[in-house]
Amino acid sequence: MVVAVDDTLFPDIEEVLMVYLAPLGETDTEPPVDDDGIGIEVHRAGGADDGISDYPRVQIICHHPDPRGASKLARRVRNLMDRIPGEAIEVEDEPGPVCVDSCRVDTPPETEPYENPDARQQVAYYALSLQKPWRR
């Protein structure tokens, strides 16, 4: 008996979220480099998988020179994250659309100290679950 092995990898959740959050501004895994200092930084901050689903915990940092601007951007990110389950997210080099099954706020956006006195940041953590992308 021959068993087919599925060699499809779990998607890189940082890439998925950078694509998904891109309409809100510059997204990266580093602080923004634009002169305006506005951007969204995404990091996987733990989680596990059971071979079927991946359960990443992600940190999303919203950068802005103004405290109110940082808060507003973080709240806009939260609204999009609330709506991510069921979205078909097209990520380059994935065999098909990536669909997040669930997302919950682990730690809501809150201000954290930042080494640059001319910038502000709001940090939030989200817990997600997703499966491997469907092949086309």
# chains A, B, ... in the order shown; residues from 1 in each chain; ligands from 1

$ select_by_dssp --residues "stretch 45-93 of chain A" --states "strand (DSSP E or B)" --output "list in words"
Ala45, Gly46, Gly47, Ala48, Asp49, Ser53, Asp54, Tyr55, Pro56, Arg57, Val58, Gln59, Ile60, Ile61, Cys62, His63, His64, Pro85, Ala88 and Ile89 of chain A

$ write_last_selection --atoms "N, CA and C atoms" --output "PDB file, in the first residue's frame"
ATOM      1  N   ALA A  45       5.046  35.232  17.897  1.00  0.00           N
ATOM      2  CA  ALA A  45       5.540  35.273  19.277  1.00  0.00           C
ATOM      3  C   ALA A  45       5.171  33.989  20.012  1.00  0.00           C
ATOM      4  N   GLY A  46       5.276  32.875  19.321  1.00  0.00           N
ATOM      5  CA  GLY A  46       4.989  31.595  19.961  1.00  0.00           C
ATOM      6  C   GLY A  46       3.866  30.857  19.278  1.00  0.00           C
ATOM      7  N   GLY A  47       3.357  29.856  19.973  1.00  0.00           N
ATOM      8  CA  GLY A  47       2.292  29.029  19.443  1.00  0.00           C
ATOM      9  C   GLY A  47       2.800  27.626  19.173  1.00  0.00           C
ATOM     10  N   ALA A  48       1.939  26.808  18.634  1.00  0.00           N
ATOM     11  CA  ALA A  48       2.268  25.409  18.364  1.00  0.00           C
ATOM     12  C   ALA A  48       1.412  24.914  17.214  1.00  0.00           C
ATOM     13  N   ASP A  49       1.622  23.660  16.813  1.00  0.00           N
ATOM     14  CA  ASP A  49       0.748  23.049  15.824  1.00  0.00           C
ATOM     15  C   ASP A  49       0.538  21.598  16.213  1.00  0.00           C
ATOM     16  N   SER A  53      -3.518  21.730  12.266  1.00  0.00           N
ATOM     17  CA  SER A  53      -3.693  23.177  12.389  1.00  0.00           C
ATOM     18  C   SER A  53      -2.481  23.796  13.067  1.00  0.00           C
ATOM     19  N   ASP A  54      -2.197  25.030  12.683  1.00  0.00           N
ATOM     20  CA  ASP A  54      -1.154  25.827  13.312  1.00  0.00           C
ATOM     21  C   ASP A  54      -1.863  26.815  14.233  1.00  0.00           C
ATOM     22  N   TYR A  55      -1.299  27.047  15.407  1.00  0.00           N
ATOM     23  CA  TYR A  55      -1.894  27.940  16.396  1.00  0.00           C
ATOM     24  C   TYR A  55      -0.893  29.028  16.778  1.00  0.00           C
ATOM     25  N   PRO A  56      -0.605  29.949  15.857  1.00  0.00           N
ATOM     26  CA  PRO A  56       0.384  30.974  16.161  1.00  0.00           C
ATOM     27  C   PRO A  56      -0.160  32.055  17.093  1.00  0.00           C
ATOM     28  N   ARG A  57       0.732  32.557  17.929  1.00  0.00           N
ATOM     29  CA  ARG A  57       0.465  33.760  18.720  1.00  0.00           C
ATOM     30  C   ARG A  57       1.312  34.834  18.068  1.00  0.00           C
ATOM     31  N   VAL A  58       0.698  35.960  17.730  1.00  0.00           N
ATOM     32  CA  VAL A  58       1.414  37.007  17.020  1.00  0.00           C
ATOM     33  C   VAL A  58       1.384  38.315  17.800  1.00  0.00           C
ATOM     34  N   GLN A  59       2.464  39.045  17.641  1.00  0.00           N
ATOM     35  CA  GLN A  59       2.578  40.389  18.211  1.00  0.00           C
ATOM     36  C   GLN A  59       2.470  41.369  17.050  1.00  0.00           C
ATOM     37  N   ILE A  60       1.585  42.341  17.192  1.00  0.00           N
ATOM     38  CA  ILE A  60       1.447  43.373  16.170  1.00  0.00           C
ATOM     39  C   ILE A  60       1.701  44.720  16.839  1.00  0.00           C
ATOM     40  N   ILE A  61       2.696  45.430  16.313  1.00  0.00           N
ATOM     41  CA  ILE A  61       3.102  46.721  16.867  1.00  0.00           C
ATOM     42  C   ILE A  61       2.737  47.799  15.861  1.00  0.00           C
ATOM     43  N   CYS A  62       1.962  48.776  16.297  1.00  0.00           N
ATOM     44  CA  CYS A  62       1.576  49.898  15.443  1.00  0.00           C
ATOM     45  C   CYS A  62       2.419  51.108  15.831  1.00  0.00           C
ATOM     46  N   HIS A  63       3.139  51.634  14.847  1.00  0.00           N
ATOM     47  CA  HIS A  63       4.034  52.779  15.059  1.00  0.00           C
ATOM     48  C   HIS A  63       3.396  54.041  14.489  1.00  0.00           C
ATOM     49  N   HIS A  64       3.548  55.136  15.205  1.00  0.00           N
ATOM     50  CA  HIS A  64       3.035  56.425  14.758  1.00  0.00           C
ATOM     51  C   HIS A  64       3.710  57.509  15.595  1.00  0.00           C
ATOM     52  N   PRO A  85     -11.107  35.745  10.132  1.00  0.00           N
ATOM     53  CA  PRO A  85     -11.543  34.364   9.894  1.00  0.00           C
ATOM     54  C   PRO A  85     -12.403  34.246   8.631  1.00  0.00           C
ATOM     55  N   ALA A  88     -10.040  34.737   2.304  1.00  0.00           N
ATOM     56  CA  ALA A  88      -9.081  34.044   1.431  1.00  0.00           C
ATOM     57  C   ALA A  88      -7.952  35.020   1.140  1.00  0.00           C
ATOM     58  N   ILE A  89      -6.784  34.795   1.736  1.00  0.00           N
ATOM     59  CA  ILE A  89      -5.661  35.715   1.623  1.00  0.00           C
ATOM     60  C   ILE A  89      -4.647  35.126   0.650  1.00  0.00           C
TER      61      ILE A  89
END

$ residues_around --residues "A:Asp106" --least-positions-apart "3" --cutoff "8 Å" --atoms "only C-alpha atoms" --output "list in words"
Ala124, Tyr125, Tyr126 and Ala127 of chain A

$ select_by_dssp --residues "stretch 29-86 of chain A" --states "helix (DSSP H, G or I)" --output "ChimeraX atom specification"
/A:67-82

$ atom_distance --atom1 "atom CA of A:Asp82" --atom2 "atom CA of A:Gly37"
25.2 Å

$ residues_around --residues "A:Ile52" --least-positions-apart "2" --cutoff "12 Å" --atoms "only C-alpha atoms" --output "PDB file with N, CA, C and O atoms, in the first residue's frame"
ATOM      1  N   ASP A   6       1.719  14.451   2.282  1.00  0.00           N
ATOM      2  CA  ASP A   6       1.432  15.858   1.990  1.00  0.00           C
ATOM      3  C   ASP A   6       2.610  16.688   2.483  1.00  0.00           C
ATOM      4  O   ASP A   6       2.863  16.782   3.682  1.00  0.00           O
ATOM      5  N   THR A   8       2.946  19.920   1.918  1.00  0.00           N
ATOM      6  CA  THR A   8       2.553  21.325   2.001  1.00  0.00           C
ATOM      7  C   THR A   8       2.923  21.851   3.382  1.00  0.00           C
ATOM      8  O   THR A   8       2.687  21.209   4.400  1.00  0.00           O
ATOM      9  N   LEU A   9       3.521  23.017   3.417  1.00  0.00           N
ATOM     10  CA  LEU A   9       3.947  23.630   4.673  1.00  0.00           C
ATOM     11  C   LEU A   9       2.871  24.551   5.225  1.00  0.00           C
ATOM     12  O   LEU A   9       2.057  25.096   4.472  1.00  0.00           O
ATOM     13  N   PHE A  10       2.891  24.739   6.543  1.00  0.00           N
ATOM     14  CA  PHE A  10       2.027  25.767   7.111  1.00  0.00           C
ATOM     15  C   PHE A  10       2.500  27.117   6.585  1.00  0.00           C
ATOM     16  O   PHE A  10       3.696  27.347   6.410  1.00  0.00           O
ATOM     17  N   ALA A  48       1.939  26.808  18.634  1.00  0.00           N
ATOM     18  CA  ALA A  48       2.268  25.409  18.364  1.00  0.00           C
ATOM     19  C   ALA A  48       1.412  24.914  17.214  1.00  0.00           C
ATOM     20  O   ALA A  48       0.575  25.653  16.691  1.00  0.00           O
ATOM     21  N   ASP A  49       1.622  23.660  16.813  1.00  0.00           N
ATOM     22  CA  ASP A  49       0.748  23.049  15.824  1.00  0.00           C
ATOM     23  C   ASP A  49       0.538  21.598  16.213  1.00  0.00           C
ATOM     24  O   ASP A  49       1.301  21.037  16.994  1.00  0.00           O
ATOM     25  N   ASP A  50      -0.526  21.010  15.674  1.00  0.00           N
ATOM     26  CA  ASP A  50      -0.820  19.601  15.951  1.00  0.00           C
ATOM     27  C   ASP A  50      -0.692  18.758  14.682  1.00  0.00           C
ATOM     28  O   ASP A  50      -1.179  17.637  14.623  1.00  0.00           O
ATOM     29  N   ASP A  54      -2.197  25.030  12.683  1.00  0.00           N
ATOM     30  CA  ASP A  54      -1.154  25.827  13.312  1.00  0.00           C
ATOM     31  C   ASP A  54      -1.863  26.815  14.233  1.00  0.00           C
ATOM     32  O   ASP A  54      -2.923  27.349  13.884  1.00  0.00           O
ATOM     33  N   TYR A  55      -1.299  27.047  15.407  1.00  0.00           N
ATOM     34  CA  TYR A  55      -1.894  27.940  16.396  1.00  0.00           C
ATOM     35  C   TYR A  55      -0.893  29.028  16.778  1.00  0.00           C
ATOM     36  O   TYR A  55      -0.366  29.043  17.894  1.00  0.00           O
ATOM     37  N   SER A 129      -5.687  30.466  14.572  1.00  0.00           N
ATOM     38  CA  SER A 129      -5.564  29.078  14.134  1.00  0.00           C
ATOM     39  C   SER A 129      -5.793  29.052  12.628  1.00  0.00           C
ATOM     40  O   SER A 129      -6.622  29.797  12.105  1.00  0.00           O
ATOM     41  N   LEU A 130      -5.020  28.211  11.948  1.00  0.00           N
ATOM     42  CA  LEU A 130      -5.160  28.074  10.506  1.00  0.00           C
ATOM     43  C   LEU A 130      -4.612  26.722  10.081  1.00  0.00           C
ATOM     44  O   LEU A 130      -3.813  26.113  10.778  1.00  0.00           O
ATOM     45  N   GLN A 131      -5.079  26.275   8.930  1.00  0.00           N
ATOM     46  CA  GLN A 131      -4.617  25.020   8.369  1.00  0.00           C
ATOM     47  C   GLN A 131      -3.693  25.328   7.196  1.00  0.00           C
ATOM     48  O   GLN A 131      -3.495  26.479   6.827  1.00  0.00           O
ATOM     49  N   LYS A 132      -3.131  24.283   6.627  1.00  0.00           N
ATOM     50  CA  LYS A 132      -2.293  24.451   5.457  1.00  0.00           C
ATOM     51  C   LYS A 132      -3.151  24.947   4.300  1.00  0.00           C
ATOM     52  O   LYS A 132      -4.354  24.637   4.240  1.00  0.00           O
ATOM     53  N   PRO A 133      -2.586  25.750   3.401  1.00  0.00           N
ATOM     54  CA  PRO A 133      -3.403  26.249   2.277  1.00  0.00           C
ATOM     55  C   PRO A 133      -3.849  25.119   1.370  1.00  0.00           C
ATOM     56  O   PRO A 133      -3.152  24.114   1.223  1.00  0.00           O
TER      57      PRO A 133
END

$ closest_atom_pairs --of "stretch 62-93 of chain A" --to "stretch 109-120 of chain A" --cutoff "7 Å" --atoms "only C-alpha atoms" --output "CSV"
residue,atom,partner,partner_atom,distance
A:His63,CA,A:Arg120,CA,5.8
A:His64,CA,A:Arg120,CA,5.4
A:Pro65,CA,A:Ala119,CA,4.0
A:Asp66,CA,A:Arg120,CA,6.2
A:Pro67,CA,A:Arg120,CA,5.7
A:Ala70,CA,A:Arg120,CA,6.3
A:Ala74,CA,A:Pro109,CA,6.1

$ atom_distance --atom1 "atom CA of A:Val42" --atom2 "atom CA of A:Gly69"
17.9 Å

$ atom_distance --atom1 "atom CA of A:Gly25" --atom2 "atom CA of A:Ser102"
23.3 Å

$ residues_around --residues "A:Asp12" --least-positions-apart "6" --cutoff "10 Å" --atoms "only C-alpha atoms" --output "count of residues only"
5

$ decode --residues "stretch 36-62 of chain A" --atoms "N, CA, C and O atoms" --output "tab-separated table (two decimals), in the first residue's frame"
chain	number	residue	atom	x	y	z
A	36	ASP	N	7.79	59.22	7.68
A	36	ASP	CA	6.64	59.58	8.51
A	36	ASP	C	6.56	58.75	9.80
A	36	ASP	O	5.84	59.11	10.72
A	37	GLY	N	7.31	57.64	9.89
A	37	GLY	CA	7.33	56.83	11.10
A	37	GLY	C	6.05	56.06	11.37
A	37	GLY	O	5.83	55.57	12.47
A	38	ILE	N	5.19	55.93	10.36
A	38	ILE	CA	3.93	55.22	10.52
A	38	ILE	C	4.06	53.84	9.89
A	38	ILE	O	4.51	53.72	8.74
A	39	GLY	N	3.69	52.80	10.63
A	39	GLY	CA	3.77	51.46	10.07
A	39	GLY	C	3.30	50.40	11.04
A	39	GLY	O	3.04	50.67	12.22
A	40	ILE	N	3.19	49.19	10.53
A	40	ILE	CA	2.72	48.04	11.29
A	40	ILE	C	3.81	46.97	11.26
A	40	ILE	O	4.24	46.56	10.18
A	41	GLU	N	4.24	46.55	12.43
A	41	GLU	CA	5.29	45.55	12.58
A	41	GLU	C	4.65	44.25	13.07
A	41	GLU	O	3.87	44.28	14.01
A	42	VAL	N	4.99	43.14	12.43
A	42	VAL	CA	4.36	41.85	12.73
A	42	VAL	C	5.42	40.83	13.13
A	42	VAL	O	6.46	40.72	12.47
A	43	HIS	N	5.16	40.08	14.22
A	43	HIS	CA	6.06	39.03	14.68
A	43	HIS	C	5.28	37.83	15.18
A	43	HIS	O	4.27	38.00	15.88
A	44	ARG	N	5.74	36.65	14.84
A	44	ARG	CA	5.21	35.45	15.50
A	44	ARG	C	5.86	35.41	16.87
A	44	ARG	O	7.07	35.54	17.01
A	45	ALA	N	5.05	35.23	17.90
A	45	ALA	CA	5.54	35.27	19.28
A	45	ALA	C	5.17	33.99	20.01
A	45	ALA	O	4.76	34.02	21.16
A	46	GLY	N	5.28	32.87	19.32
A	46	GLY	CA	4.99	31.59	19.96
A	46	GLY	C	3.87	30.86	19.28
A	46	GLY	O	3.45	31.18	18.16
A	47	GLY	N	3.36	29.86	19.97
A	47	GLY	CA	2.29	29.03	19.44
A	47	GLY	C	2.80	27.63	19.17
A	47	GLY	O	3.96	27.30	19.45
A	48	ALA	N	1.94	26.81	18.63
A	48	ALA	CA	2.27	25.41	18.36
A	48	ALA	C	1.41	24.91	17.21
A	48	ALA	O	0.58	25.65	16.69
A	49	ASP	N	1.62	23.66	16.81
A	49	ASP	CA	0.75	23.05	15.82
A	49	ASP	C	0.54	21.60	16.21
A	49	ASP	O	1.30	21.04	16.99
A	50	ASP	N	-0.53	21.01	15.67
A	50	ASP	CA	-0.82	19.60	15.95
A	50	ASP	C	-0.69	18.76	14.68
A	50	ASP	O	-1.18	17.64	14.62
A	51	GLY	N	-0.04	19.31	13.66
A	51	GLY	CA	0.11	18.61	12.39
A	51	GLY	C	-1.03	18.89	11.43
A	51	GLY	O	-0.87	18.74	10.23
A	52	ILE	N	-2.16	19.28	11.95
A	52	ILE	CA	-3.31	19.61	11.12
A	52	ILE	C	-3.54	21.11	11.10
A	52	ILE	O	-3.73	21.71	10.06
A	53	SER	N	-3.52	21.73	12.27
A	53	SER	CA	-3.69	23.18	12.39
A	53	SER	C	-2.48	23.80	13.07
A	53	SER	O	-1.84	23.17	13.91
A	54	ASP	N	-2.20	25.03	12.68
A	54	ASP	CA	-1.15	25.83	13.31
A	54	ASP	C	-1.86	26.82	14.23
A	54	ASP	O	-2.92	27.35	13.88
A	55	TYR	N	-1.30	27.05	15.41
A	55	TYR	CA	-1.89	27.94	16.40
A	55	TYR	C	-0.89	29.03	16.78
A	55	TYR	O	-0.37	29.04	17.89
A	56	PRO	N	-0.61	29.95	15.86
A	56	PRO	CA	0.38	30.97	16.16
A	56	PRO	C	-0.16	32.06	17.09
A	56	PRO	O	-1.34	32.39	17.06
A	57	ARG	N	0.73	32.56	17.93
A	57	ARG	CA	0.47	33.76	18.72
A	57	ARG	C	1.31	34.83	18.07
A	57	ARG	O	2.50	34.63	17.82
A	58	VAL	N	0.70	35.96	17.73
A	58	VAL	CA	1.41	37.01	17.02
A	58	VAL	C	1.38	38.32	17.80
A	58	VAL	O	0.42	38.61	18.51
A	59	GLN	N	2.46	39.05	17.64
A	59	GLN	CA	2.58	40.39	18.21
A	59	GLN	C	2.47	41.37	17.05
A	59	GLN	O	3.18	41.22	16.05
A	60	ILE	N	1.59	42.34	17.19
A	60	ILE	CA	1.45	43.37	16.17
A	60	ILE	C	1.70	44.72	16.84
A	60	ILE	O	1.03	45.08	17.81
A	61	ILE	N	2.70	45.43	16.31
A	61	ILE	CA	3.10	46.72	16.87
A	61	ILE	C	2.74	47.80	15.86
A	61	ILE	O	3.15	47.74	14.70
A	62	CYS	N	1.96	48.78	16.30
A	62	CYS	CA	1.58	49.90	15.44
A	62	CYS	C	2.42	51.11	15.83
A	62	CYS	O	2.42	51.53	16.98
